[in-house]
>>> print(open('model_4.txt').read())   # compact mmCIF, C-alpha atoms and all ligand atoms
# COMPACT_ATOMS: atom_id res chain seq x y z
CA MET A 1 43.09 0.00 -6.32
CA SER A 2 40.15 0.92 -4.17
CA GLU A 3 36.64 0.97 -5.58
CA THR A 4 35.27 4.32 -6.77
CA ILE A 5 31.79 5.37 -5.66
CA ASP A 6 30.46 4.77 -9.19
CA GLU A 7 31.89 1.24 -9.15
CA ARG A 8 30.32 0.69 -5.75
CA ILE A 9 26.92 1.88 -7.03
CA ALA A 10 27.23 -0.44 -10.04
CA ARG A 11 28.07 -3.34 -7.73
CA LEU A 12 25.11 -2.58 -5.45
CA HIS A 13 22.83 -2.41 -8.50
CA ARG A 14 24.10 -5.60 -10.10
CA HIS A 15 20.96 -7.54 -9.15
CA GLY A 16 18.65 -4.76 -10.32
CA VAL A 17 16.62 -2.26 -8.30
CA ILE A 18 13.04 -3.21 -7.40
CA ASP A 19 10.29 -0.55 -7.45
CA MET A 20 6.97 -1.99 -6.28
CA HIS A 21 4.70 0.74 -7.62
CA PHE A 22 4.71 2.10 -11.15
CA ASP A 23 1.59 3.38 -12.98
CA LEU A 24 2.79 1.97 -16.28
CA PRO A 25 -0.33 0.09 -17.55
CA MET A 26 -2.51 3.21 -17.31
CA ASP A 27 -0.01 5.22 -19.34
CA LEU A 28 0.36 2.47 -21.96
CA TYR A 29 -3.42 2.44 -22.26
CA ASP A 30 -3.64 6.23 -22.57
CA LYS A 31 -1.06 6.08 -25.38
CA ARG A 32 -2.61 3.06 -27.10
CA ALA A 33 -2.77 4.91 -30.42
CA ARG A 34 1.01 4.66 -30.58
CA GLU A 35 3.24 1.62 -31.03
CA ASN A 36 6.28 0.69 -28.94
CA VAL A 37 5.49 3.09 -26.10
CA LEU A 38 7.43 1.00 -23.59
CA ALA A 39 10.51 0.93 -25.80
CA THR A 40 10.25 4.59 -26.82
CA ASP A 41 9.20 6.30 -23.59
CA PHE A 42 10.45 4.08 -20.77
CA LEU A 43 13.17 1.58 -21.62
CA GLU A 44 16.13 3.94 -21.64
CA ASP A 45 15.14 5.42 -18.28
CA LEU A 46 14.54 2.00 -16.70
CA GLU A 47 17.90 0.75 -17.96
CA ALA A 48 19.72 3.87 -16.81
CA GLY A 49 18.36 3.23 -13.30
CA ASP A 50 19.34 -0.47 -13.35
CA ILE A 51 15.71 -1.36 -12.69
CA GLY A 52 15.22 -5.11 -12.29
CA VAL A 53 11.58 -5.47 -11.25
CA THR A 54 8.66 -3.04 -11.09
CA GLY A 55 5.16 -3.56 -9.78
CA ALA A 56 3.06 -2.51 -12.80
CA ALA A 57 -0.19 -1.25 -11.27
CA ILE A 58 -3.60 -1.47 -12.90
CA TYR A 59 -5.49 1.66 -11.86
CA ILE A 60 -8.85 2.90 -13.09
CA ASP A 61 -9.48 6.60 -13.32
CA ASP A 62 -12.76 7.91 -11.83
CA ARG A 63 -14.14 8.86 -15.25
CA TYR A 64 -14.39 5.17 -16.25
CA LEU A 65 -16.26 4.06 -13.13
CA PRO A 66 -18.27 2.07 -12.49
CA GLU A 67 -19.31 0.58 -15.84
CA MET A 68 -15.97 0.63 -17.67
CA GLY A 69 -13.67 -0.45 -14.84
CA LEU A 70 -13.38 -4.09 -15.81
CA ARG A 71 -12.95 -3.34 -19.49
CA ILE A 72 -10.24 -0.71 -18.98
CA ALA A 73 -8.37 -3.03 -16.59
CA LEU A 74 -8.35 -5.77 -19.21
CA ASP A 75 -7.26 -3.27 -21.85
CA GLN A 76 -4.39 -2.10 -19.62
CA ILE A 77 -3.24 -5.71 -19.15
CA ALA A 78 -3.51 -6.29 -22.91
CA ARG A 79 -1.33 -3.23 -23.60
CA LEU A 80 1.27 -4.38 -21.07
CA TYR A 81 1.47 -7.89 -22.58
CA LEU A 82 1.61 -6.49 -26.11
CA GLU A 83 4.34 -3.97 -25.32
CA VAL A 84 6.43 -6.38 -23.23
CA GLY A 85 6.04 -9.06 -25.91
CA GLU A 86 7.61 -6.72 -28.45
CA SER A 87 10.71 -6.09 -26.35
CA SER A 88 13.38 -8.74 -25.92
CA ARG A 89 14.63 -6.70 -22.93
CA CYS A 90 11.45 -7.12 -20.85
CA ALA A 91 9.35 -9.86 -19.26
CA ILE A 92 6.16 -10.25 -17.21
CA CYS A 93 6.70 -12.66 -14.31
CA ARG A 94 4.21 -14.62 -12.25
CA SER A 95 6.40 -16.46 -9.75
CA TYR A 96 9.59 -16.08 -7.76
CA GLN A 97 11.35 -18.60 -9.97
CA GLU A 98 10.29 -16.74 -13.12
CA ILE A 99 11.66 -13.52 -11.64
CA LEU A 100 14.98 -15.23 -10.85
CA ARG A 101 15.23 -16.65 -14.37
CA ALA A 102 14.33 -13.36 -16.04
CA ARG A 103 16.86 -11.52 -13.90
CA GLU A 104 19.56 -14.05 -14.80
CA GLN A 105 18.95 -12.96 -18.40
CA ASN A 106 19.10 -9.35 -17.19
CA LYS A 107 15.53 -8.66 -18.28
CA ILE A 108 13.49 -5.80 -16.87
CA THR A 109 10.68 -7.62 -15.16
CA PHE A 110 7.10 -6.54 -14.51
CA LEU A 111 4.92 -7.93 -11.77
CA LEU A 112 1.25 -7.21 -12.39
CA THR A 113 -0.39 -5.41 -9.47
CA MET A 114 -3.73 -3.69 -8.91
CA GLU A 115 -4.46 -0.44 -7.07
CA GLY A 116 -8.12 -0.59 -6.07
CA ILE A 117 -10.47 -3.51 -6.70
CA GLU A 118 -12.91 -1.50 -8.86
CA PRO A 119 -12.35 -3.82 -11.87
CA LEU A 120 -13.80 -6.68 -9.79
CA GLY A 121 -16.98 -4.76 -8.99
CA ALA A 122 -18.23 -7.03 -6.22
CA ASP A 123 -17.55 -10.30 -8.04
CA LEU A 124 -14.99 -12.46 -6.25
CA ASP A 125 -14.71 -14.87 -9.19
CA LEU A 126 -13.05 -12.12 -11.18
CA LEU A 127 -10.12 -12.11 -8.75
CA ARG A 128 -9.36 -15.65 -9.91
CA ALA A 129 -9.56 -14.46 -13.52
CA PHE A 130 -7.09 -11.64 -12.86
CA TYR A 131 -4.81 -14.08 -11.04
CA GLU A 132 -4.73 -16.23 -14.16
CA LEU A 133 -3.80 -13.11 -16.15
CA GLY A 134 -0.81 -12.64 -13.83
CA LEU A 135 -2.07 -10.46 -10.97
CA ARG A 136 0.28 -11.02 -8.04
CA SER A 137 -0.21 -8.06 -5.68
CA LEU A 138 -3.34 -6.15 -4.72
CA CYS A 139 -4.30 -3.14 -2.65
CA LEU A 140 -8.01 -2.97 -1.98
CA THR A 141 -8.57 0.73 -2.54
CA HIS A 142 -7.21 3.95 -3.92
CA ALA A 143 -8.30 7.17 -2.17
CA ARG A 144 -12.01 6.44 -2.54
CA ARG A 145 -14.74 4.05 -1.46
CA ASN A 146 -15.39 0.82 -3.31
CA ALA A 147 -17.05 -2.54 -2.65
CA ALA A 148 -14.14 -3.62 -0.42
CA GLY A 149 -13.74 -0.58 1.83
CA ASP A 150 -12.47 3.00 1.98
CA GLY A 151 -9.20 4.63 1.07
CA GLY A 152 -7.40 6.82 3.61
CA LEU A 153 -7.86 10.55 3.09
CA PHE A 154 -5.15 12.96 2.07
CA ALA A 155 -5.86 14.69 5.38
CA PRO A 156 -4.71 14.17 8.99
CA SER A 157 -8.11 12.78 10.04
CA GLY A 158 -11.63 12.07 8.85
CA SER A 159 -11.33 8.80 6.93
CA PRO A 160 -14.45 6.63 7.32
CA ARG A 161 -14.27 4.37 10.37
CA ASP A 162 -16.16 1.45 8.84
CA GLY A 163 -13.27 -0.87 8.04
CA LEU A 164 -13.59 -3.60 5.42
CA THR A 165 -16.90 -4.71 3.96
CA PRO A 166 -17.76 -8.44 3.92
CA PHE A 167 -16.66 -8.41 0.26
CA GLY A 168 -13.36 -6.78 1.24
CA ARG A 169 -12.79 -9.58 3.74
CA ASP A 170 -13.58 -12.18 1.07
CA VAL A 171 -11.02 -10.57 -1.26
CA ILE A 172 -8.33 -10.67 1.44
CA ARG A 173 -9.03 -14.35 2.21
CA GLU A 174 -8.96 -15.20 -1.50
CA CYS A 175 -5.64 -13.35 -1.98
CA GLU A 176 -4.09 -15.49 0.76
CA LYS A 177 -5.49 -18.62 -0.86
CA LEU A 178 -4.41 -17.79 -4.41
CA GLY A 179 -1.03 -16.28 -3.56
CA ILE A 180 -1.65 -12.61 -4.31
CA ILE A 181 0.49 -10.34 -2.13
CA ILE A 182 -1.70 -8.23 0.17
CA ASP A 183 -0.76 -4.56 -0.13
CA LEU A 184 -1.97 -2.10 2.52
CA ALA A 185 -1.22 1.04 0.50
CA HIS A 186 -4.04 3.63 0.52
CA ILE A 187 -6.41 1.67 2.76
CA SER A 188 -8.13 3.67 5.54
CA PRO A 189 -6.77 3.27 9.10
CA ALA A 190 -9.80 1.14 10.06
CA GLY A 191 -9.37 -1.08 7.00
CA PHE A 192 -5.68 -1.39 7.80
CA ASP A 193 -6.48 -2.73 11.28
CA ASP A 194 -9.00 -5.21 9.86
CA ILE A 195 -6.47 -6.63 7.39
CA ILE A 196 -3.75 -6.96 10.03
CA GLU A 197 -6.20 -8.73 12.31
CA MET A 198 -7.44 -11.24 9.75
CA THR A 199 -4.15 -12.17 8.04
CA THR A 200 -1.03 -14.04 9.10
CA LYS A 201 1.41 -13.70 6.19
CA PRO A 202 3.89 -10.83 5.72
CA VAL A 203 1.80 -7.97 4.36
CA ILE A 204 3.37 -5.14 2.41
CA ILE A 205 2.78 -1.45 1.80
CA SER A 206 3.97 -1.03 -1.76
CA HIS A 207 4.18 2.78 -1.72
CA THR A 208 3.68 5.03 1.27
CA ASN A 209 5.41 7.50 3.56
CA ALA A 210 5.72 8.10 7.28
CA ARG A 211 3.16 10.42 8.85
CA LYS A 212 6.03 11.71 10.98
CA TYR A 213 7.05 13.78 7.93
CA TYR A 214 3.75 14.01 6.04
CA ASP A 215 0.78 13.70 8.35
CA ILE A 216 -2.13 12.43 6.27
CA GLU A 217 -4.16 9.26 6.67
CA ARG A 218 -3.03 8.09 3.24
CA ASN A 219 0.41 7.65 4.87
CA VAL A 220 1.28 5.49 7.88
CA THR A 221 1.71 6.08 11.61
CA ASP A 222 4.54 4.62 13.68
CA GLU A 223 2.04 2.07 15.05
CA GLN A 224 1.09 0.98 11.53
CA ILE A 225 4.76 0.70 10.55
CA LYS A 226 5.37 -1.47 13.63
CA ALA A 227 2.35 -3.65 12.79
CA VAL A 228 3.85 -4.40 9.35
CA GLY A 229 7.25 -5.01 10.94
CA ALA A 230 5.76 -7.43 13.47
CA ARG A 231 4.48 -9.42 10.49
CA ALA A 232 7.93 -9.38 8.81
CA GLY A 233 6.33 -7.30 6.06
CA VAL A 234 8.00 -4.66 3.87
CA ILE A 235 7.21 -0.99 3.30
CA GLY A 236 8.13 0.69 0.00
CA ILE A 237 8.91 4.40 0.38
CA ASN A 238 7.01 6.67 -2.01
CA ALA A 239 8.83 9.50 -3.84
CA VAL A 240 5.68 11.60 -4.36
CA LEU A 241 4.41 12.27 -0.81
CA VAL A 242 7.78 13.03 0.77
CA SER A 243 6.79 16.36 2.33
CA PRO A 244 3.84 18.79 2.31
CA GLN A 245 6.43 21.59 1.92
CA LYS A 246 8.02 22.12 -1.47
CA GLU A 247 11.40 23.05 -0.02
CA GLU A 248 11.43 19.86 2.08
CA ALA A 249 10.55 17.55 -0.81
CA THR A 250 14.16 16.48 -1.25
CA LEU A 251 16.21 13.35 -1.74
CA ASP A 252 17.44 13.70 1.83
CA ARG A 253 13.90 13.81 3.19
CA TYR A 254 13.10 10.69 1.12
CA ILE A 255 15.98 8.97 2.87
CA ASP A 256 14.71 10.31 6.21
CA HIS A 257 11.55 8.24 5.57
CA ILE A 258 13.73 5.18 4.90
CA GLU A 259 15.69 5.79 8.09
CA HIS A 260 12.54 6.29 10.13
CA VAL A 261 11.07 2.94 9.04
CA ARG A 262 14.44 1.23 9.56
CA ASP A 263 14.75 2.68 13.06
CA LEU A 264 11.24 1.45 13.96
CA ILE A 265 11.24 -2.06 12.48
CA GLY A 266 14.75 -2.78 11.21
CA ILE A 267 16.39 -2.81 7.81
CA ASP A 268 14.44 -5.91 6.70
CA GLY A 269 11.22 -3.87 6.63
CA VAL A 270 12.03 -1.02 4.24
CA ALA A 271 12.30 -0.91 0.45
CA ILE A 272 11.33 1.12 -2.62
CA GLY A 273 7.91 2.02 -4.06
CA PHE A 274 8.75 5.13 -6.05
CA ASP A 275 5.29 5.76 -7.56
CA PHE A 276 6.88 8.04 -10.18
CA PHE A 277 3.99 10.06 -11.40
CA GLU A 278 5.30 13.38 -12.61
CA PHE A 279 5.50 12.11 -16.20
CA ILE A 280 1.75 11.48 -16.16
CA TYR A 281 0.97 14.72 -14.34
CA ARG A 282 2.93 16.73 -16.91
CA GLN A 283 0.84 15.22 -19.70
CA TRP A 284 -2.35 16.65 -18.22
CA SER A 285 -3.97 19.96 -19.05
CA GLU A 286 -3.76 22.71 -16.44
CA GLY A 287 -7.42 22.06 -15.60
CA GLU A 288 -6.74 18.38 -14.95
CA GLN A 289 -3.74 19.27 -12.79
CA VAL A 290 -5.84 21.65 -10.69
CA ALA A 291 -8.59 19.03 -10.35
CA PHE A 292 -5.98 16.54 -9.11
CA GLN A 293 -4.58 19.05 -6.60
CA ASN A 294 -8.07 19.76 -5.28
CA LYS A 295 -9.06 16.12 -5.05
CA PHE A 296 -5.87 14.83 -3.42
CA THR A 297 -3.00 17.09 -2.53
CA HIS A 298 -0.44 19.45 -3.93
CA ALA A 299 2.20 16.91 -4.88
CA HIS A 300 5.73 18.23 -4.53
CA PHE A 301 7.83 16.09 -6.80
CA VAL A 302 11.43 15.56 -5.69
CA PRO A 303 13.63 17.02 -8.43
CA GLU A 304 16.49 14.56 -7.81
CA LEU A 305 14.13 11.57 -7.55
CA ALA A 306 11.52 11.93 -10.28
CA LYS A 307 12.29 9.03 -12.61
CA HIS A 308 13.91 5.63 -12.58
CA SER A 309 17.28 6.80 -13.89
CA HIS A 310 17.60 8.77 -10.63
CA SER A 311 18.02 5.49 -8.71
CA ARG A 312 21.79 5.82 -8.93
CA GLY A 313 21.63 9.19 -7.23
CA LEU A 314 19.55 7.64 -4.46
CA THR A 315 22.13 4.90 -3.93
CA ARG A 316 24.96 7.47 -3.98
CA ARG A 317 23.18 9.48 -1.26
CA LEU A 318 22.49 6.34 0.81
CA ILE A 319 26.24 5.64 0.72
CA GLU A 320 27.04 9.24 1.66
CA ARG A 321 24.58 9.03 4.55
CA GLY A 322 26.43 6.01 5.94
CA PHE A 323 24.25 3.10 4.89
CA GLY A 324 26.30 -0.10 4.55
CA ASP A 325 26.32 -2.36 1.49
CA GLU A 326 24.11 -4.99 3.12
CA GLU A 327 21.56 -2.35 4.16
CA ILE A 328 21.48 -0.80 0.70
CA GLU A 329 21.04 -4.17 -1.02
CA LYS A 330 18.11 -4.94 1.27
CA ILE A 331 16.46 -1.59 0.51
CA LEU A 332 17.04 -1.86 -3.23
CA PHE A 333 16.02 -5.46 -3.83
CA ARG A 334 16.60 -8.14 -1.20
CA ASN A 335 13.58 -7.28 0.94
CA TRP A 336 11.15 -7.36 -1.98
CA MET A 337 12.76 -10.57 -3.26
CA ARG A 338 12.12 -12.17 0.13
CA ILE A 339 8.44 -11.17 -0.10
CA PHE A 340 8.26 -12.62 -3.64
CA GLU A 341 9.79 -15.87 -2.41
CA GLN A 342 7.38 -16.07 0.52
CA TRP A 343 4.24 -15.28 -1.49
CA LEU A 344 4.95 -16.34 -5.04
CA GLY A 345 6.88 -19.52 -4.25
CA GLU A 346 7.85 -21.76 -7.11
ZN ZN A 401 -1.10 4.99 -5.10
>>> encode(input="model_4.txt", output="structure tokens")
Amino acid sequence: MSETIDERIARLHRHGVIDMHFDLPMDLYDKRARENVLATDFLEDLEAGDIGVTGAAIYIDDRYLPEMGLRIALDQIARLYLEVGESSRCAICRSYQEILRAREQNKITFLLTMEGIEPLGADLDLLRAFYELGLRSLCLTHARRNAAGDGGLFAPSGSPRDGLTPFGRDVIRECEKLGIIIDLAHISPAGFDDIIEMTTKPVIISHTNARKYYDIERNVTDEQIKAVGARAGVIGINAVLVSPQKEEATLDRYIDHIEHVRDLIGIDGVAIGFDFFEFIYRQWSEGEQVAFQNKFTHAHFVPELAKHSHSRGLTRRLIERGFGDEEIEKILFRNWMRIFEQWLGE
């Protein structure tokens, strides 16, 4: 008997889907008054989507900066370790081998990442401390200036042209030395060029979109996509900035971003960085939502791709759009696993 599409999806998901950007630590911290938040609020959804690995991103909200940045980052890590420790279904991994072992046991695995170096202040020694706590991937900035450089604007032009600061360059060199994956998400175009120029390893963009479909400097141009491809890097496609138009923020447009990157740099360069964020957004007051819209952009969430359990629908649509099994496996997990092997070694 021939395989049904559901059987094919299950087969393609058998190794687990990898999502390299998930704002989980911030949410665990915000809900720290409750117990078992991971198990209660997230586990069912992660399991329904066959999620194998997520990049769990430390991010510090503006209201805590600058004084509280380090403390909140440590608190977020503490919450993640506490919550994961209480679930036999989950694990935090620090190396490629640990990821392989955890996946053999079918555990949902978290890789600790950081979005913006604000917790370091301008103290390079703290990067070593975070590495020892499990930090394995780092993007220098969010959409703001810090001691390392500037984030790209949510606008077609106007990001600062300064590039990285001397401290930003030190952080990049130290990441290469320690084995922390260098993530170009959010960095300004000038900072992007600086990092490409001063590094040699395969850099990643954990969560971004093509400016072809959403033209803001927070996203990436064809030239930037090619620069990552030339380095054998990987770009994770973001489910939040799919289109500036509500009616075009669809699953098909999400796949258009995947196709665009594939057509420019090949199937080895494109993967998943969902950045699911609607669940946090919906928890905010109307005032906070408006403040977010004014500061960044009017995010049009994709109804069919708003949470991890929607991964199966993504795979179904990739099949319907003619992607082959090998291509889909690379998008869903093989490309990120290659990056983990190259950067996180034994
Ligand atoms: Zn982000």
>>> residues_near_point(input="model_4.txt", point="(-8.2, -3.6, -12.3)", cutoff="12 Å", atoms="all atoms listed in the file", output="VMD selection string")
chain A and resid 25 to 26 56 to 61 64 to 66 68 to 78 112 to 121 126 to 127 129 to 131 133 to 135 137 to 142
>>> write_last_selection(input="model_4.txt", atoms="C-alpha atoms", output="mmCIF file, in the frame of the given file")
data_model
loop_
_atom_site.group_PDB
_atom_site.id
_atom_site.type_symbol
_atom_site.label_atom_id
_atom_site.label_comp_id
_atom_site.auth_asym_id
_atom_site.auth_seq_id
_atom_site.Cartn_x
_atom_site.Cartn_y
_atom_site.Cartn_z
ATOM 1 C CA PRO A 25 -0.330 0.090 -17.550
ATOM 2 C CA MET A 26 -2.510 3.210 -17.310
ATOM 3 C CA ALA A 56 3.060 -2.510 -12.800
ATOM 4 C CA ALA A 57 -0.190 -1.250 -11.270
ATOM 5 C CA ILE A 58 -3.600 -1.470 -12.900
ATOM 6 C CA TYR A 59 -5.490 1.660 -11.860
ATOM 7 C CA ILE A 60 -8.850 2.900 -13.090
ATOM 8 C CA ASP A 61 -9.480 6.600 -13.320
ATOM 9 C CA TYR A 64 -14.390 5.170 -16.250
ATOM 10 C CA LEU A 65 -16.260 4.060 -13.130
ATOM 11 C CA PRO A 66 -18.270 2.070 -12.490
ATOM 12 C CA MET A 68 -15.970 0.630 -17.670
ATOM 13 C CA GLY A 69 -13.670 -0.450 -14.840
ATOM 14 C CA LEU A 70 -13.380 -4.090 -15.810
ATOM 15 C CA ARG A 71 -12.950 -3.340 -19.490
ATOM 16 C CA ILE A 72 -10.240 -0.710 -18.980
ATOM 17 C CA ALA A 73 -8.370 -3.030 -16.590
ATOM 18 C CA LEU A 74 -8.350 -5.770 -19.210
ATOM 19 C CA ASP A 75 -7.260 -3.270 -21.850
ATOM 20 C CA GLN A 76 -4.390 -2.100 -19.620
ATOM 21 C CA ILE A 77 -3.240 -5.710 -19.150
ATOM 22 C CA ALA A 78 -3.510 -6.290 -22.910
ATOM 23 C CA LEU A 112 1.250 -7.210 -12.390
ATOM 24 C CA THR A 113 -0.390 -5.410 -9.470
ATOM 25 C CA MET A 114 -3.730 -3.690 -8.910
ATOM 26 C CA GLU A 115 -4.460 -0.440 -7.070
ATOM 27 C CA GLY A 116 -8.120 -0.590 -6.070
ATOM 28 C CA ILE A 117 -10.470 -3.510 -6.700
ATOM 29 C CA GLU A 118 -12.910 -1.500 -8.860
ATOM 30 C CA PRO A 119 -12.350 -3.820 -11.870
ATOM 31 C CA LEU A 120 -13.800 -6.680 -9.790
ATOM 32 C CA GLY A 121 -16.980 -4.760 -8.990
ATOM 33 C CA LEU A 126 -13.050 -12.120 -11.180
ATOM 34 C CA LEU A 127 -10.120 -12.110 -8.750
ATOM 35 C CA ALA A 129 -9.560 -14.460 -13.520
ATOM 36 C CA PHE A 130 -7.090 -11.640 -12.860
ATOM 37 C CA TYR A 131 -4.810 -14.080 -11.040
ATOM 38 C CA LEU A 133 -3.800 -13.110 -16.150
ATOM 39 C CA GLY A 134 -0.810 -12.640 -13.830
ATOM 40 C CA LEU A 135 -2.070 -10.460 -10.970
ATOM 41 C CA SER A 137 -0.210 -8.060 -5.680
ATOM 42 C CA LEU A 138 -3.340 -6.150 -4.720
ATOM 43 C CA CYS A 139 -4.300 -3.140 -2.650
ATOM 44 C CA LEU A 140 -8.010 -2.970 -1.980
ATOM 45 C CA THR A 141 -8.570 0.730 -2.540
ATOM 46 C CA HIS A 142 -7.210 3.950 -3.920
#
>>> residues_around(input="model_4.txt", residues="range 92-101 of chain A", least_positions_apart="5", cutoff="7 Å", atoms="only C-alpha atoms", output="PyMOL selection string")
chain A and resi 109-111+134+136+340-341+344-346
>>> atom_distance(input="model_4.txt", atom1="CA of Gln293 in chain A", atom2="atom ZN of ligand ZN 401 (chain A)")
14.6 Å
>>> residues_around(input="model_4.txt", residues="Asp193 in chain A", least_positions_apart="3", cutoff="10 Å", atoms="all atoms listed in the file", output="compact mmCIF listing (two decimals) with C-alpha atoms, in the frame of the given file")
# COMPACT_ATOMS: atom_id res chain seq x y z
CA GLY A 163 -13.27 -0.87 8.04
CA LEU A 164 -13.59 -3.60 5.42
CA LEU A 184 -1.97 -2.10 2.52
CA ILE A 187 -6.41 1.67 2.76
CA SER A 188 -8.13 3.67 5.54
CA PRO A 189 -6.77 3.27 9.10
CA ALA A 190 -9.80 1.14 10.06
CA ILE A 196 -3.75 -6.96 10.03
CA GLU A 197 -6.20 -8.73 12.31
CA MET A 198 -7.44 -11.24 9.75
CA GLN A 224 1.09 0.98 11.53
CA ALA A 227 2.35 -3.65 12.79
>>> closest_residue(input="model_4.txt", among="A:Arg14, A:Arg161, A:Lys201, A:Lys212", to="Arg173 in chain A", atoms="only C-alpha atoms")
A:Lys201
>>> closest_atom_pairs(input="model_4.txt", of="range 18-73 of chain A", to="range 233-255 of chain A", cutoff="9 Å", atoms="all atoms listed in the file", output="Markdown table")
| residue | atom | partner | partner_atom | distance |
| --- | --- | --- | --- | --- |
| A:Asp19 | CA | A:Gly236 | CA | 7.9 |
| A:Met20 | CA | A:Gly236 | CA | 6.9 |
| A:His21 | CA | A:Gly236 | CA | 8.4 |
>>> atom_distance(input="model_4.txt", atom1="CA of Tyr29 in chain A", atom2="CA of Arg282 in chain A")
16.5 Å
>>> residues_around(input="model_4.txt", residues="range 146-154 of chain A", least_positions_apart="2", cutoff="6 Å", atoms="only C-alpha atoms", output="PDB file with C-alpha atoms, in the coordinates of the input")
ATOM      1  CA  ALA A 122     -18.230  -7.030  -6.220  1.00  0.00           C
ATOM      2  CA  THR A 141      -8.570   0.730  -2.540  1.00  0.00           C
ATOM      3  CA  HIS A 142      -7.210   3.950  -3.920  1.00  0.00           C
ATOM      4  CA  ALA A 143      -8.300   7.170  -2.170  1.00  0.00           C
ATOM      5  CA  ARG A 144     -12.010   6.440  -2.540  1.00  0.00           C
ATOM      6  CA  SER A 159     -11.330   8.800   6.930  1.00  0.00           C
ATOM      7  CA  LEU A 164     -13.590  -3.600   5.420  1.00  0.00           C
ATOM      8  CA  THR A 165     -16.900  -4.710   3.960  1.00  0.00           C
ATOM      9  CA  PHE A 167     -16.660  -8.410   0.260  1.00  0.00           C
ATOM     10  CA  GLY A 168     -13.360  -6.780   1.240  1.00  0.00           C
ATOM     11  CA  HIS A 186      -4.040   3.630   0.520  1.00  0.00           C
ATOM     12  CA  ILE A 187      -6.410   1.670   2.760  1.00  0.00           C
ATOM     13  CA  SER A 188      -8.130   3.670   5.540  1.00  0.00           C
ATOM     14  CA  ILE A 216      -2.130  12.430   6.270  1.00  0.00           C
ATOM     15  CA  GLU A 217      -4.160   9.260   6.670  1.00  0.00           C
ATOM     16  CA  ARG A 218      -3.030   8.090   3.240  1.00  0.00           C
ATOM     17  CA  PHE A 296      -5.870  14.830  -3.420  1.00  0.00           C
TER      18      PHE A 296
END
>>> closest_residue(input="model_4.txt", among="A:Ser309, A:Thr297, A:Gln283, A:Asn335", to="Ala232 in chain A", atoms="all atoms listed in the file")
A:Asn335
